[in-house]
file run_27.txt (compact mmCIF, N, CA and C atoms)
# COMPACT_ATOMS: atom_id res chain seq x y z
N MET A 11 -66.80 9.47 21.38
CA MET A 11 -66.05 8.58 22.23
C MET A 11 -64.87 9.29 22.87
N ASN A 12 -64.20 10.19 22.15
CA ASN A 12 -63.08 10.92 22.71
C ASN A 12 -63.50 11.72 23.94
N GLU A 13 -64.72 12.28 23.90
CA GLU A 13 -65.21 13.05 25.04
C GLU A 13 -65.30 12.18 26.28
N SER A 14 -65.78 10.95 26.16
CA SER A 14 -65.88 10.07 27.33
C SER A 14 -64.50 9.69 27.84
N ILE A 15 -63.53 9.56 26.95
CA ILE A 15 -62.16 9.28 27.38
C ILE A 15 -61.62 10.47 28.15
N ASP A 16 -61.86 11.70 27.65
CA ASP A 16 -61.41 12.89 28.36
C ASP A 16 -62.05 12.98 29.73
N LYS A 17 -63.35 12.69 29.82
CA LYS A 17 -64.03 12.73 31.11
C LYS A 17 -63.48 11.69 32.05
N LEU A 18 -63.22 10.50 31.56
CA LEU A 18 -62.65 9.45 32.39
C LEU A 18 -61.27 9.88 32.87
N THR A 19 -60.46 10.42 31.98
CA THR A 19 -59.13 10.87 32.35
C THR A 19 -59.22 11.95 33.42
N TRP A 20 -60.11 12.91 33.22
CA TRP A 20 -60.28 13.97 34.19
C TRP A 20 -60.77 13.39 35.52
N SER A 21 -61.70 12.49 35.49
CA SER A 21 -62.23 11.89 36.71
C SER A 21 -61.14 11.15 37.48
N VAL A 22 -60.33 10.39 36.77
CA VAL A 22 -59.24 9.66 37.42
C VAL A 22 -58.25 10.64 38.02
N LEU A 23 -57.89 11.67 37.27
CA LEU A 23 -56.95 12.67 37.76
C LEU A 23 -57.51 13.38 38.99
N LEU A 24 -58.73 13.81 38.90
CA LEU A 24 -59.35 14.50 40.02
C LEU A 24 -59.42 13.61 41.24
N GLY A 25 -59.84 12.36 41.04
CA GLY A 25 -59.92 11.43 42.16
C GLY A 25 -58.57 11.22 42.82
N ARG A 26 -57.53 11.14 42.03
CA ARG A 26 -56.18 10.95 42.56
C ARG A 26 -55.78 12.11 43.46
N TRP A 27 -56.06 13.34 43.01
CA TRP A 27 -55.66 14.50 43.79
C TRP A 27 -56.57 14.74 44.98
N VAL A 28 -57.83 14.40 44.87
CA VAL A 28 -58.72 14.50 46.03
C VAL A 28 -58.25 13.54 47.11
N GLN A 29 -57.91 12.33 46.71
CA GLN A 29 -57.39 11.35 47.66
C GLN A 29 -56.09 11.85 48.29
N PHE A 30 -55.20 12.42 47.48
CA PHE A 30 -53.95 12.97 47.99
C PHE A 30 -54.23 14.09 49.00
N ALA A 31 -55.14 15.00 48.67
CA ALA A 31 -55.46 16.10 49.58
C ALA A 31 -56.03 15.58 50.89
N ARG A 32 -56.88 14.59 50.83
CA ARG A 32 -57.45 14.00 52.05
C ARG A 32 -56.36 13.34 52.90
N SER A 33 -55.46 12.62 52.25
CA SER A 33 -54.41 11.94 53.01
C SER A 33 -53.45 12.94 53.63
N ALA A 34 -53.29 14.10 53.02
CA ALA A 34 -52.39 15.12 53.56
C ALA A 34 -52.89 15.66 54.89
N ALA A 35 -54.18 15.58 55.14
CA ALA A 35 -54.72 16.05 56.41
C ALA A 35 -54.19 15.24 57.58
N ALA A 36 -53.75 14.02 57.33
CA ALA A 36 -53.23 13.17 58.40
C ALA A 36 -51.73 13.37 58.64
N LEU A 37 -51.09 14.19 57.82
CA LEU A 37 -49.65 14.41 57.97
C LEU A 37 -49.36 15.20 59.24
N PRO A 38 -48.17 15.01 59.78
CA PRO A 38 -47.79 15.77 60.98
C PRO A 38 -47.83 17.27 60.71
N ARG A 39 -48.01 18.03 61.74
CA ARG A 39 -48.10 19.48 61.60
C ARG A 39 -46.75 20.15 61.86
N GLU A 40 -45.69 19.37 61.73
CA GLU A 40 -44.34 19.92 61.90
C GLU A 40 -43.36 19.17 61.00
N GLY A 41 -42.19 19.76 60.79
CA GLY A 41 -41.16 19.13 59.98
C GLY A 41 -41.57 18.93 58.53
N ASP A 42 -41.05 17.85 57.92
CA ASP A 42 -41.34 17.57 56.51
C ASP A 42 -42.81 17.26 56.28
N GLY A 43 -43.48 16.68 57.28
CA GLY A 43 -44.92 16.42 57.15
C GLY A 43 -45.69 17.72 56.97
N LYS A 44 -45.32 18.74 57.73
CA LYS A 44 -45.97 20.05 57.59
C LYS A 44 -45.67 20.65 56.22
N LYS A 45 -44.42 20.50 55.77
CA LYS A 45 -44.06 21.02 54.45
C LYS A 45 -44.90 20.36 53.36
N LEU A 46 -45.04 19.05 53.47
CA LEU A 46 -45.84 18.34 52.48
C LEU A 46 -47.30 18.76 52.56
N ARG A 47 -47.82 18.85 53.77
CA ARG A 47 -49.20 19.31 53.98
C ARG A 47 -49.41 20.69 53.35
N ASP A 48 -48.46 21.58 53.60
CA ASP A 48 -48.56 22.95 53.09
C ASP A 48 -48.35 23.02 51.57
N SER A 49 -47.80 21.96 50.98
CA SER A 49 -47.51 21.93 49.54
C SER A 49 -48.67 21.40 48.70
N VAL A 50 -49.68 20.88 49.32
CA VAL A 50 -50.76 20.21 48.60
C VAL A 50 -51.39 21.12 47.53
N ALA A 51 -51.74 22.33 47.88
CA ALA A 51 -52.40 23.22 46.90
C ALA A 51 -51.47 23.52 45.72
N ASP A 52 -50.19 23.72 46.00
CA ASP A 52 -49.24 23.99 44.91
C ASP A 52 -49.10 22.79 43.99
N LEU A 53 -49.04 21.60 44.56
CA LEU A 53 -48.91 20.38 43.76
C LEU A 53 -50.15 20.16 42.89
N ILE A 54 -51.30 20.36 43.47
CA ILE A 54 -52.54 20.18 42.71
C ILE A 54 -52.62 21.20 41.57
N MET A 55 -52.22 22.43 41.83
CA MET A 55 -52.26 23.45 40.77
C MET A 55 -51.28 23.11 39.65
N LEU A 56 -50.08 22.66 39.98
CA LEU A 56 -49.13 22.27 38.94
C LEU A 56 -49.67 21.11 38.10
N GLN A 57 -50.31 20.16 38.75
CA GLN A 57 -50.89 19.03 38.02
C GLN A 57 -52.02 19.51 37.12
N ALA A 58 -52.84 20.43 37.62
CA ALA A 58 -53.95 20.96 36.83
C ALA A 58 -53.44 21.73 35.61
N VAL A 59 -52.39 22.52 35.80
CA VAL A 59 -51.81 23.27 34.68
C VAL A 59 -51.24 22.30 33.65
N TRP A 60 -50.52 21.28 34.10
CA TRP A 60 -49.98 20.26 33.19
C TRP A 60 -51.09 19.65 32.35
N PHE A 61 -52.17 19.29 33.00
CA PHE A 61 -53.30 18.66 32.30
C PHE A 61 -53.95 19.64 31.33
N ALA A 62 -54.18 20.87 31.77
CA ALA A 62 -54.82 21.87 30.91
C ALA A 62 -53.97 22.16 29.67
N LEU A 63 -52.66 22.19 29.83
CA LEU A 63 -51.78 22.46 28.69
C LEU A 63 -51.89 21.38 27.62
N GLN A 64 -52.21 20.18 28.01
CA GLN A 64 -52.39 19.11 27.03
C GLN A 64 -53.61 19.37 26.14
N HIS A 65 -54.54 20.16 26.63
CA HIS A 65 -55.77 20.44 25.89
C HIS A 65 -55.77 21.84 25.28
N LEU A 66 -54.66 22.53 25.36
CA LEU A 66 -54.55 23.88 24.82
C LEU A 66 -54.90 23.97 23.33
N PRO A 67 -54.53 23.01 22.50
CA PRO A 67 -54.86 23.10 21.07
C PRO A 67 -56.37 23.14 20.79
N GLU A 68 -57.19 22.77 21.75
CA GLU A 68 -58.64 22.80 21.56
C GLU A 68 -59.21 24.21 21.61
N LEU A 69 -58.41 25.19 22.04
CA LEU A 69 -58.86 26.57 22.17
C LEU A 69 -58.55 27.35 20.90
N ASP A 70 -59.27 28.48 20.71
CA ASP A 70 -58.94 29.33 19.57
C ASP A 70 -57.61 30.04 19.87
N ALA A 71 -57.02 30.64 18.86
CA ALA A 71 -55.66 31.19 18.96
C ALA A 71 -55.51 32.20 20.09
N ASN A 72 -56.47 33.11 20.24
CA ASN A 72 -56.38 34.12 21.30
C ASN A 72 -56.41 33.48 22.68
N GLN A 73 -57.29 32.53 22.85
CA GLN A 73 -57.40 31.86 24.13
C GLN A 73 -56.16 30.98 24.41
N ARG A 74 -55.58 30.40 23.37
CA ARG A 74 -54.36 29.61 23.53
C ARG A 74 -53.23 30.49 24.06
N ALA A 75 -53.08 31.67 23.45
CA ALA A 75 -52.01 32.59 23.88
C ALA A 75 -52.21 33.02 25.33
N LEU A 76 -53.44 33.35 25.66
CA LEU A 76 -53.75 33.75 27.04
C LEU A 76 -53.51 32.58 28.00
N GLY A 77 -53.96 31.41 27.62
CA GLY A 77 -53.77 30.23 28.46
C GLY A 77 -52.31 29.91 28.66
N LEU A 78 -51.52 30.04 27.63
CA LEU A 78 -50.09 29.78 27.71
C LEU A 78 -49.41 30.77 28.66
N ASP A 79 -49.80 32.04 28.55
CA ASP A 79 -49.24 33.05 29.46
C ASP A 79 -49.63 32.76 30.90
N ARG A 80 -50.88 32.46 31.13
CA ARG A 80 -51.35 32.17 32.50
C ARG A 80 -50.67 30.92 33.05
N ALA A 81 -50.51 29.92 32.21
CA ALA A 81 -49.85 28.68 32.64
C ALA A 81 -48.43 28.98 33.09
N GLY A 82 -47.71 29.80 32.33
CA GLY A 82 -46.35 30.16 32.71
C GLY A 82 -46.28 30.86 34.05
N VAL A 83 -47.21 31.78 34.28
CA VAL A 83 -47.26 32.50 35.55
C VAL A 83 -47.57 31.53 36.69
N LEU A 84 -48.55 30.65 36.48
CA LEU A 84 -48.92 29.70 37.53
C LEU A 84 -47.79 28.72 37.84
N ILE A 85 -47.11 28.24 36.82
CA ILE A 85 -45.99 27.32 37.07
C ILE A 85 -44.93 28.03 37.89
N GLU A 86 -44.58 29.23 37.49
CA GLU A 86 -43.55 29.99 38.21
C GLU A 86 -43.96 30.22 39.67
N LYS A 87 -45.18 30.65 39.87
CA LYS A 87 -45.68 30.96 41.22
C LYS A 87 -45.62 29.72 42.12
N HIS A 88 -46.14 28.61 41.65
CA HIS A 88 -46.24 27.43 42.50
C HIS A 88 -44.89 26.72 42.64
N GLU A 89 -44.07 26.78 41.61
CA GLU A 89 -42.72 26.23 41.73
C GLU A 89 -41.93 27.00 42.79
N GLN A 90 -42.00 28.32 42.73
CA GLN A 90 -41.26 29.14 43.70
C GLN A 90 -41.76 28.90 45.13
N ALA A 91 -43.07 28.76 45.28
CA ALA A 91 -43.61 28.47 46.62
C ALA A 91 -43.05 27.16 47.15
N LEU A 92 -43.00 26.15 46.29
CA LEU A 92 -42.46 24.85 46.71
C LEU A 92 -40.97 24.96 47.03
N ARG A 93 -40.23 25.64 46.19
CA ARG A 93 -38.78 25.77 46.41
C ARG A 93 -38.49 26.53 47.72
N ARG A 94 -39.24 27.57 47.99
CA ARG A 94 -39.06 28.30 49.26
C ARG A 94 -39.36 27.39 50.44
N ARG A 95 -40.44 26.64 50.33
CA ARG A 95 -40.86 25.77 51.42
C ARG A 95 -39.83 24.67 51.69
N TRP A 96 -39.17 24.18 50.66
CA TRP A 96 -38.25 23.06 50.79
C TRP A 96 -36.78 23.49 50.72
N GLU A 97 -36.50 24.78 50.88
CA GLU A 97 -35.12 25.25 50.71
C GLU A 97 -34.14 24.70 51.74
N ASP A 98 -34.63 24.32 52.91
CA ASP A 98 -33.71 23.84 53.96
C ASP A 98 -33.64 22.31 54.05
N SER A 99 -34.33 21.62 53.15
CA SER A 99 -34.24 20.16 53.11
C SER A 99 -34.52 19.70 51.67
N PRO A 100 -34.08 18.50 51.33
CA PRO A 100 -34.28 18.04 49.95
C PRO A 100 -35.77 17.91 49.58
N MET A 101 -36.10 18.47 48.43
CA MET A 101 -37.46 18.35 47.92
C MET A 101 -37.68 16.90 47.48
N PRO A 102 -38.83 16.33 47.80
CA PRO A 102 -39.10 14.96 47.34
C PRO A 102 -38.97 14.85 45.82
N GLU A 103 -38.43 13.75 45.37
CA GLU A 103 -38.19 13.53 43.93
C GLU A 103 -39.47 13.66 43.11
N SER A 104 -40.57 13.13 43.63
CA SER A 104 -41.83 13.19 42.89
C SER A 104 -42.32 14.63 42.73
N MET A 105 -42.00 15.48 43.68
CA MET A 105 -42.36 16.89 43.59
C MET A 105 -41.55 17.57 42.50
N GLN A 106 -40.26 17.30 42.47
CA GLN A 106 -39.40 17.86 41.43
C GLN A 106 -39.83 17.35 40.06
N GLN A 107 -40.23 16.09 39.99
CA GLN A 107 -40.69 15.51 38.73
C GLN A 107 -41.94 16.24 38.22
N LEU A 108 -42.85 16.57 39.12
CA LEU A 108 -44.07 17.28 38.73
C LEU A 108 -43.73 18.68 38.21
N ILE A 109 -42.81 19.36 38.86
CA ILE A 109 -42.37 20.68 38.39
C ILE A 109 -41.78 20.55 36.99
N ASP A 110 -40.90 19.58 36.82
CA ASP A 110 -40.26 19.36 35.52
C ASP A 110 -41.29 19.01 34.45
N ASP A 111 -42.26 18.17 34.79
CA ASP A 111 -43.30 17.79 33.82
C ASP A 111 -44.12 19.00 33.39
N ALA A 112 -44.49 19.85 34.36
CA ALA A 112 -45.27 21.05 34.04
C ALA A 112 -44.47 21.98 33.14
N ARG A 113 -43.20 22.17 33.45
CA ARG A 113 -42.34 23.03 32.62
C ARG A 113 -42.18 22.47 31.21
N ARG A 114 -41.96 21.15 31.11
CA ARG A 114 -41.82 20.53 29.78
C ARG A 114 -43.10 20.67 28.96
N GLN A 115 -44.24 20.46 29.61
CA GLN A 115 -45.51 20.57 28.90
C GLN A 115 -45.74 22.01 28.43
N TRP A 116 -45.37 22.97 29.25
CA TRP A 116 -45.51 24.38 28.90
C TRP A 116 -44.61 24.70 27.70
N SER A 117 -43.37 24.22 27.74
CA SER A 117 -42.45 24.45 26.61
C SER A 117 -42.96 23.78 25.33
N ALA A 118 -43.45 22.57 25.46
CA ALA A 118 -43.97 21.84 24.30
C ALA A 118 -45.18 22.54 23.70
N ALA A 119 -45.94 23.25 24.53
CA ALA A 119 -47.13 23.96 24.06
C ALA A 119 -46.78 25.31 23.44
N GLY A 120 -45.50 25.70 23.52
CA GLY A 120 -45.08 26.95 22.91
C GLY A 120 -44.63 28.01 23.88
N GLY A 121 -44.60 27.68 25.17
CA GLY A 121 -44.13 28.64 26.17
C GLY A 121 -42.62 28.71 26.21
N GLY A 122 -42.12 29.84 26.67
CA GLY A 122 -40.69 30.04 26.88
C GLY A 122 -39.89 29.62 25.78

call {"tool": "encode", "arguments": {"input": "run_27.txt", "output": "structure tokens"}}
result
Amino acid sequence: MNESIDKLTWSVLLGRWVQFARSAAALPREGDGKKLRDSVADLIMLQAVWFALQHLPELDANQRALGLDRAGVLIEKHEQALRRRWEDSPMPESMQQLIDDARRQWSAAGGG
């Protein structure tokens, strides 16, 4: 039963981000709309890392360590891309929340 719950959770998460990516195509190609459009891949990756970190205990010790290291690198990479993109205007609160959530999940999993 837990497996079906995980699949449902993954399906809901994936559907949410697919819908978000599709809606981003309608955003303006300039100003904050362009910034948001250009941020889609970074946001999806941060969400994916957050989700994967929740399942890190399911891996053997070597894979957990590797996954934790990779998660840290990915969080840093995508956070910095977002911060550079939004440096001249306020980053949306939900974007900052996602960065914070990914960092907290990484720390809770044993990172940093």

call {"tool": "select_by_dssp", "arguments": {"input": "run_27.txt", "residues": "chain A", "states": "alpha helix (DSSP H)", "output": "PyMOL selection string"}}
result
chain A and resi 12-34+41-64+71-95+103-118

call {"tool": "atom_distance", "arguments": {"input": "run_27.txt", "atom1": "CA of Lys87 (chain A)", "atom2": "atom C of Asp52 (chain A)"}}
result
9.3 Å

call {"tool": "residues_around", "arguments": {"input": "run_27.txt", "residues": "region 75-78 of chain A", "least_positions_apart": "5", "cutoff": "6.5 Å", "atoms": "all atoms listed in the file", "output": "ChimeraX atom specification"}}
result
/A:70,83,121

call {"tool": "residues_around", "arguments": {"input": "run_27.txt", "residues": "region 26-36 of chain A", "least_positions_apart": "6", "cutoff": "6.5 Å", "atoms": "only N, CA and C atoms", "output": "ChimeraX atom specification"}}
result
/A:46-47,50

call {"tool": "residues_around", "arguments": {"input": "run_27.txt", "residues": "Pro102 (chain A)", "least_positions_apart": "6", "cutoff": "12 Å", "atoms": "only C-alpha atoms", "output": "VMD selection string"}}
result
chain A and resid 42 to 43 45 to 46 49 53 92 to 93 95 to 96 108 to 109

call {"tool": "residues_near_point", "arguments": {"input": "run_27.txt", "point": "(-46.9, 30.7, 28.9)", "cutoff": "12 Å", "atoms": "only C-alpha atoms", "output": "PyMOL selection string"}}
result
chain A and resi 59-60+63+66+73-86+112-122

call {"tool": "atom_distance", "arguments": {"input": "run_27.txt", "atom1": "CA of Glu89 (chain A)", "atom2": "atom N of Leu69 (chain A)"}}
result
25.2 Å

call {"tool": "atom_distance", "arguments": {"input": "run_27.txt", "atom1": "atom N of Asp48 (chain A)", "atom2": "atom C of Gln64 (chain A)"}}
result
28.0 Å

call {"tool": "decode", "arguments": {"input": "run_27.txt", "residues": "region 97-109 of chain A", "atoms": "N, CA, C and O atoms", "output": "PDB file, in the first residue's frame"}}
result
ATOM      1  N   GLU A  97      18.019  39.319  -9.299  1.00  0.00           N
ATOM      2  CA  GLU A  97      18.801  40.250  -8.490  1.00  0.00           C
ATOM      3  C   GLU A  97      18.343  41.698  -8.589  1.00  0.00           C
ATOM      4  O   GLU A  97      18.554  42.476  -7.666  1.00  0.00           O
ATOM      5  N   ASP A  98      17.696  42.067  -9.680  1.00  0.00           N
ATOM      6  CA  ASP A  98      17.284  43.470  -9.846  1.00  0.00           C
ATOM      7  C   ASP A  98      15.814  43.722  -9.497  1.00  0.00           C
ATOM      8  O   ASP A  98      15.321  44.829  -9.671  1.00  0.00           O
ATOM      9  N   SER A  99      15.128  42.691  -9.011  1.00  0.00           N
ATOM     10  CA  SER A  99      13.747  42.868  -8.561  1.00  0.00           C
ATOM     11  C   SER A  99      13.449  41.807  -7.493  1.00  0.00           C
ATOM     12  O   SER A  99      14.130  40.788  -7.426  1.00  0.00           O
ATOM     13  N   PRO A 100      12.440  42.050  -6.668  1.00  0.00           N
ATOM     14  CA  PRO A 100      12.151  41.090  -5.598  1.00  0.00           C
ATOM     15  C   PRO A 100      11.750  39.709  -6.139  1.00  0.00           C
ATOM     16  O   PRO A 100      10.920  39.608  -7.040  1.00  0.00           O
ATOM     17  N   MET A 101      12.381  38.696  -5.576  1.00  0.00           N
ATOM     18  CA  MET A 101      12.040  37.317  -5.934  1.00  0.00           C
ATOM     19  C   MET A 101      10.656  37.013  -5.354  1.00  0.00           C
ATOM     20  O   MET A 101      10.376  37.382  -4.220  1.00  0.00           O
ATOM     21  N   PRO A 102       9.803  36.358  -6.123  1.00  0.00           N
ATOM     22  CA  PRO A 102       8.496  35.978  -5.576  1.00  0.00           C
ATOM     23  C   PRO A 102       8.641  35.156  -4.295  1.00  0.00           C
ATOM     24  O   PRO A 102       9.530  34.311  -4.177  1.00  0.00           O
ATOM     25  N   GLU A 103       7.768  35.406  -3.352  1.00  0.00           N
ATOM     26  CA  GLU A 103       7.818  34.737  -2.044  1.00  0.00           C
ATOM     27  C   GLU A 103       7.773  33.215  -2.180  1.00  0.00           C
ATOM     28  O   GLU A 103       8.490  32.498  -1.482  1.00  0.00           O
ATOM     29  N   SER A 104       6.939  32.718  -3.082  1.00  0.00           N
ATOM     30  CA  SER A 104       6.824  31.266  -3.249  1.00  0.00           C
ATOM     31  C   SER A 104       8.132  30.659  -3.764  1.00  0.00           C
ATOM     32  O   SER A 104       8.468  29.522  -3.430  1.00  0.00           O
ATOM     33  N   MET A 105       8.881  31.415  -4.530  1.00  0.00           N
ATOM     34  CA  MET A 105      10.169  30.951  -5.030  1.00  0.00           C
ATOM     35  C   MET A 105      11.171  30.860  -3.882  1.00  0.00           C
ATOM     36  O   MET A 105      11.895  29.860  -3.752  1.00  0.00           O
ATOM     37  N   GLN A 106      11.200  31.883  -3.050  1.00  0.00           N
ATOM     38  CA  GLN A 106      12.083  31.875  -1.887  1.00  0.00           C
ATOM     39  C   GLN A 106      11.702  30.736  -0.949  1.00  0.00           C
ATOM     40  O   GLN A 106      12.567  30.063  -0.391  1.00  0.00           O
ATOM     41  N   GLN A 107      10.409  30.495  -0.805  1.00  0.00           N
ATOM     42  CA  GLN A 107       9.927  29.410   0.054  1.00  0.00           C
ATOM     43  C   GLN A 107      10.427  28.051  -0.450  1.00  0.00           C
ATOM     44  O   GLN A 107      10.845  27.208   0.336  1.00  0.00           O
ATOM     45  N   LEU A 108      10.408  27.856  -1.758  1.00  0.00           N
ATOM     46  CA  LEU A 108      10.884  26.600  -2.336  1.00  0.00           C
ATOM     47  C   LEU A 108      12.383  26.420  -2.086  1.00  0.00           C
ATOM     48  O   LEU A 108      12.829  25.333  -1.731  1.00  0.00           O
ATOM     49  N   ILE A 109      13.146  27.483  -2.239  1.00  0.00           N
ATOM     50  CA  ILE A 109      14.587  27.416  -1.947  1.00  0.00           C
ATOM     51  C   ILE A 109      14.797  27.040  -0.488  1.00  0.00           C
ATOM     52  O   ILE A 109      15.590  26.148  -0.166  1.00  0.00           O
TER      53      ILE A 109
END
